[in-house]
Amino acid sequence: MPRLIFAFVLTLTLSMMAALVGQAQETATPAPDRSATGGAQTLEDILARQRGETVDSQFRSSATGNPDAAAAITQQLGTLGGQSDPELWRALRYNSADLRVSAGGPVAGVLVQDGGMSWLTFRAGPLRQYGGWLLLGTIGLLAVFFLLRGRIRIDGTKTGHTVTRFEFVERMAHWTLAGSFILLGLTGLLTLFGRVAIQPYLGKDVNSLLLIGSKWVHNSVSWAFMLALVTVFVMWVAHNIPNKWDLVWIRQFGGIIGKKHPPAKKFNAGQKVIFWSVILFGASISVSGLSLLFPFEMPLFAKTFAILNDLGLPQWAGYDPLPTVLAPQEEMQLAQLWHAIVAFVLMAIIIAHIYIGTLGMEGAYDAMGSGEVDEAWAHQHHSIWLEEVQQKERDKLASSGATPAE
Amino acid sequence: MKAMLAGFALIAVIAVGADFALERAGFSSQDRNSGADVRLN
C-alpha cells in the first residue's frame with residue numbers, strides 16, 4: 001500500500017511538472033516540404049502558428065550560421081563572421097546568440113524569451129481554471145458531506161471535566177501559521193484572479209489597489225508563515241510519526257463514516273495527514289516563494305530537473321527528459337506556477353481542516369480555542385492520549401502525596 | 001482566544017519587521033536592479 005501511494009504521488013508530481021514543461025517543449029511532427037523557400041519558413045508555417053497549432057521550429061532555431069566555417073576576413077562576406085544578418089537575428093530570437101552584456105547579469109542577456117507566452121497562457125488558463133475548480137469542488141464536497149453526515153457530535157453528555165489539549169505556545173504558533181496562511185491564500189488568489197474576477201466588475205483602480213496591498217501583505221506575511229511552519233514542525237513532529245493505531249483509524253475511516261471511535265494518541269492518522277501536508281507542501285511553497293522573493297538569485301528548476309533526469313524518473317513515467325538549461329526568466333515562471341499549484345493543493349486540504357475543526361465536529365474547536373477539551377471528547381477522539389495525560393496527573397499527585405478529589 | 005490574537009499580532013509584527021529589515025538591507029527591486037544611471041523618480 002505505501003508503495004502504491006508513493007507511486008501515485010510520484011506519477012502525479014511528474015505529470016504536473018511535465019505539463020508545465022510541456023508548454024515550452026514542442027512536439028515533433030513530420031517536417032513539411034520547404035524546398036520552395038530554400039528551407040526557410042513557408043506561408044503554411046506562419047498560418048499554422050496563427051491557427052495556434054504547434055510548429056516544430058527546429059529548422060529555424062538551429063539555422064543560426066556557423067562561425068567556425070566562416071569565410072576568411074579577406075574573402076567575400078568574410079566580415080560577417082559566418083553569420084548572415086537573418087541568422088544573427090534568429091540566434092537572438094531563440095536565445096542562442098553568443099551575447100555579452102556589461103550590466104544586469106544573465107537576465108539581461110536574454111533579449112527574447114518566448115517561454116513567457118507559455119507561462120502566461122498556463123497561468124491565465126489551466127492554473128486559474130483547475131485551481132479555482134479545486135477550491136470550489138472541495139467546498140462543494142464538504143457541503144454535501146455535511147448534509148449527509150451532519151455534525152459529528154460527542155456521544156452522550158459532556159463530563160464537565162476538561163483536559164489541556166494544547167498549551168498557549170502551541171496554540172499561538174498554530175494561529176500564527178493559520179492566520180498567515182489565510183492571508184497568503186487570499187492575497188495569492190487576488191493576485192491570480194484579480195484581473196478576471198475583480199477588474200471587470202469593480203474597475204481597474206480597485207483591482208490595482210488590491211494588488212498593491214496584496215503584494216505587500218504576501219511578501220511580508222510570508223516570513224511569519226515560514227517561521228511558524230518551522231516552529232510547528234519542531235513542536236509536533238514527534239507526535240506525528242506514524243504508528244500502529246493509524247492503521248486502526250484508517251480501517252474505521254476515523255469514525256467520520258460510521259459510529260465507531262477509533263483509539264488515537266495525541267494526533268490521529270487524519271491529523272497526521274494534515275500535519276505532513278502542511279509541512280511538506282508548506283516547505284515547497286516556502287522554497288519556491290523565496291525564489292520569487294529574491295528574483296533570479298535562487299534558481300531551482302534546472303538543477304531539480306537534472307536530478308530527476310539522472311534518476312530516470314521522467315523517462316520511467318513515459319516523458320522526455322526535462323530541460324536542464326533554462327533562461328533565468330523561465331526559472332521564475334516555473335517557480336511561480338509551482339508555487340501556485342502546490343498552494344492550491346494545500347488550500348484545498350486546509351479548507352477541509354477548517355471544516356472539521358469548526359463546523360464538522362462538536363468540541364474540536366475548543367482544542368485550539370481555549371486549549372481545554374472535555375474529557376468525553378478526548379475519550380472519543382484521542383483515548384490513548386487521554387489515558388497518558390490522566391496517568392501523568394495521577395503520577396504527579398502520587399509523587400506530591402496528595403489525594404485526588406473524586 | 002488570547003492565543004489566537006497573540007498569533008495574529010505576531011504576524012503583524014513579523015510582517016512590518018520583515019518589510020523594514022529587507023528595505024534597510026537594500027533588497028528592494030529599486031536597490032537590486034537599478035543604479036545611479038537609472039532615474040526612477
# chains A, B, ... in the order shown; residues from 1 in each chain; ligands from 1
call {"tool": "interface_residues", "arguments": {"of": "chain B", "to": "chain A", "cutoff": "9 Å", "atoms": "only C-alpha atoms", "output": "PDB file with N, CA and C atoms, in the first residue's frame"}}
result
ATOM      1  N   MET B   1      -8.651  31.991  22.744  1.00  0.00           N
ATOM      2  CA  MET B   1      -8.857  33.263  22.035  1.00  0.00           C
ATOM      3  C   MET B   1      -7.641  34.185  22.163  1.00  0.00           C
ATOM      4  N   LYS B   2      -7.070  34.189  23.412  1.00  0.00           N
ATOM      5  CA  LYS B   2      -5.890  35.031  23.620  1.00  0.00           C
ATOM      6  C   LYS B   2      -4.737  34.566  22.740  1.00  0.00           C
ATOM      7  N   ALA B   3      -4.595  33.225  22.649  1.00  0.00           N
ATOM      8  CA  ALA B   3      -3.510  32.663  21.834  1.00  0.00           C
ATOM      9  C   ALA B   3      -3.693  33.052  20.374  1.00  0.00           C
ATOM     10  N   MET B   4      -4.956  33.047  19.925  1.00  0.00           N
ATOM     11  CA  MET B   4      -5.244  33.411  18.534  1.00  0.00           C
ATOM     12  C   MET B   4      -4.862  34.870  18.275  1.00  0.00           C
ATOM     13  N   LEU B   5      -5.286  35.744  19.175  1.00  0.00           N
ATOM     14  CA  LEU B   5      -4.980  37.167  19.000  1.00  0.00           C
ATOM     15  C   LEU B   5      -3.478  37.411  19.073  1.00  0.00           C
ATOM     16  N   ALA B   6      -2.813  36.676  19.994  1.00  0.00           N
ATOM     17  CA  ALA B   6      -1.361  36.816  20.106  1.00  0.00           C
ATOM     18  C   ALA B   6      -0.692  36.362  18.811  1.00  0.00           C
ATOM     19  N   GLY B   7      -1.185  35.281  18.233  1.00  0.00           N
ATOM     20  CA  GLY B   7      -0.650  34.790  16.956  1.00  0.00           C
ATOM     21  C   GLY B   7      -0.834  35.805  15.848  1.00  0.00           C
ATOM     22  N   PHE B   8      -2.026  36.405  15.778  1.00  0.00           N
ATOM     23  CA  PHE B   8      -2.299  37.404  14.735  1.00  0.00           C
ATOM     24  C   PHE B   8      -1.435  38.652  14.938  1.00  0.00           C
ATOM     25  N   ALA B   9      -1.244  39.016  16.198  1.00  0.00           N
ATOM     26  CA  ALA B   9      -0.390  40.182  16.478  1.00  0.00           C
ATOM     27  C   ALA B   9       1.050  39.887  16.045  1.00  0.00           C
ATOM     28  N   LEU B  10       1.475  38.655  16.291  1.00  0.00           N
ATOM     29  CA  LEU B  10       2.836  38.267  15.897  1.00  0.00           C
ATOM     30  C   LEU B  10       3.011  38.360  14.376  1.00  0.00           C
ATOM     31  N   ILE B  11       1.959  37.967  13.645  1.00  0.00           N
ATOM     32  CA  ILE B  11       2.015  38.054  12.172  1.00  0.00           C
ATOM     33  C   ILE B  11       2.276  39.513  11.754  1.00  0.00           C
ATOM     34  N   ALA B  12       1.522  40.424  12.384  1.00  0.00           N
ATOM     35  CA  ALA B  12       1.658  41.845  12.035  1.00  0.00           C
ATOM     36  C   ALA B  12       3.064  42.343  12.351  1.00  0.00           C
ATOM     37  N   VAL B  13       3.576  41.956  13.523  1.00  0.00           N
ATOM     38  CA  VAL B  13       4.915  42.412  13.938  1.00  0.00           C
ATOM     39  C   VAL B  13       5.976  41.882  12.975  1.00  0.00           C
ATOM     40  N   ILE B  14       5.882  40.579  12.658  1.00  0.00           N
ATOM     41  CA  ILE B  14       6.878  39.976  11.756  1.00  0.00           C
ATOM     42  C   ILE B  14       6.791  40.608  10.362  1.00  0.00           C
ATOM     43  N   ALA B  15       5.562  40.831   9.884  1.00  0.00           N
ATOM     44  CA  ALA B  15       5.388  41.391   8.536  1.00  0.00           C
ATOM     45  C   ALA B  15       6.009  42.788   8.434  1.00  0.00           C
ATOM     46  N   VAL B  16       5.688  43.635   9.402  1.00  0.00           N
ATOM     47  CA  VAL B  16       6.228  45.003   9.380  1.00  0.00           C
ATOM     48  C   VAL B  16       7.746  44.952   9.566  1.00  0.00           C
ATOM     49  N   GLY B  17       8.194  44.098  10.479  1.00  0.00           N
ATOM     50  CA  GLY B  17       9.639  43.958  10.745  1.00  0.00           C
ATOM     51  C   GLY B  17      10.386  43.476   9.510  1.00  0.00           C
ATOM     52  N   ALA B  18       9.811  42.468   8.813  1.00  0.00           N
ATOM     53  CA  ALA B  18      10.475  41.917   7.629  1.00  0.00           C
ATOM     54  C   ALA B  18      10.574  42.966   6.537  1.00  0.00           C
ATOM     55  N   ASP B  19       9.487  43.715   6.353  1.00  0.00           N
ATOM     56  CA  ASP B  19       9.477  44.748   5.322  1.00  0.00           C
ATOM     57  C   ASP B  19      10.537  45.806   5.623  1.00  0.00           C
ATOM     58  N   PHE B  27      17.151  45.290  -0.192  1.00  0.00           N
ATOM     59  CA  PHE B  27      16.579  44.220  -1.005  1.00  0.00           C
ATOM     60  C   PHE B  27      15.394  44.665  -1.847  1.00  0.00           C
ATOM     61  N   SER B  29      13.524  46.097  -5.124  1.00  0.00           N
ATOM     62  CA  SER B  29      13.836  45.934  -6.552  1.00  0.00           C
ATOM     63  C   SER B  29      14.641  47.123  -7.059  1.00  0.00           C
ATOM     64  N   ASN B  33      18.066  46.186  -8.728  1.00  0.00           N
ATOM     65  CA  ASN B  33      18.058  46.119 -10.186  1.00  0.00           C
ATOM     66  C   ASN B  33      18.247  47.451 -10.892  1.00  0.00           C
ATOM     67  N   SER B  34      18.567  48.489 -10.157  1.00  0.00           N
ATOM     68  CA  SER B  34      18.835  49.738 -10.865  1.00  0.00           C
ATOM     69  C   SER B  34      20.061  50.409 -10.250  1.00  0.00           C
TER      70      SER B  34
END
call {"tool": "select_by_dssp", "arguments": {"residues": "range 48-212 of chain A", "states": "alpha helix (DSSP H)", "output": "PyMOL selection string"}}
result
chain A and resi 48-50+58-61+85-93+105-108+115-122+128-149+168-193+199-202+204-212
call {"tool": "residues_around", "arguments": {"residues": "Arg93 in chain A", "least_positions_apart": "2", "cutoff": "9 Å", "atoms": "only C-alpha atoms", "output": "ChimeraX atom specification"}}
result
/A:61,88-91,95-97,111-114
call {"tool": "residues_around", "arguments": {"residues": "Asp310 in chain A", "least_positions_apart": "4", "cutoff": "12 Å", "atoms": "only C-alpha atoms", "output": "mmCIF file with C-alpha atoms, in the first residue's frame"}}
result
data_model
loop_
_atom_site.group_PDB
_atom_site.id
_atom_site.type_symbol
_atom_site.label_atom_id
_atom_site.label_comp_id
_atom_site.auth_asym_id
_atom_site.auth_seq_id
_atom_site.Cartn_x
_atom_site.Cartn_y
_atom_site.Cartn_z
ATOM 1 C CA LYS A 303 19.039 21.605 -11.045
ATOM 2 C CA THR A 304 15.928 19.724 -9.880
ATOM 3 C CA PHE A 305 15.198 18.607 -13.434
ATOM 4 C CA ALA A 306 18.801 17.421 -13.844
ATOM 5 C CA PRO A 314 10.569 11.334 -16.236
ATOM 6 C CA GLN A 315 11.651 8.542 -18.607
ATOM 7 C CA TRP A 316 10.136 5.960 -16.234
ATOM 8 C CA PRO A 321 13.917 14.132 -20.131
ATOM 9 C CA LEU A 322 13.134 17.505 -18.562
ATOM 10 C CA PRO A 323 15.073 20.557 -19.827
ATOM 11 C CA THR A 324 18.187 21.292 -17.800
#
call {"tool": "closest_residue", "arguments": {"among": "A:Gln329, A:Thr64, A:Thr42, A:Gln390", "to": "Trp119 in chain A", "atoms": "only C-alpha atoms"}}
result
A:Gln329
call {"tool": "closest_residue", "arguments": {"among": "A:Gly357, A:Tyr365, A:His339, A:Asp320", "to": "Leu308 in chain A", "atoms": "only C-alpha atoms"}}
result
A:Asp320
call {"tool": "atom_distance", "arguments": {"atom1": "CA of Tyr319 in chain A", "atom2": "CA of Ala302 in chain A"}}
result
16.4 Å
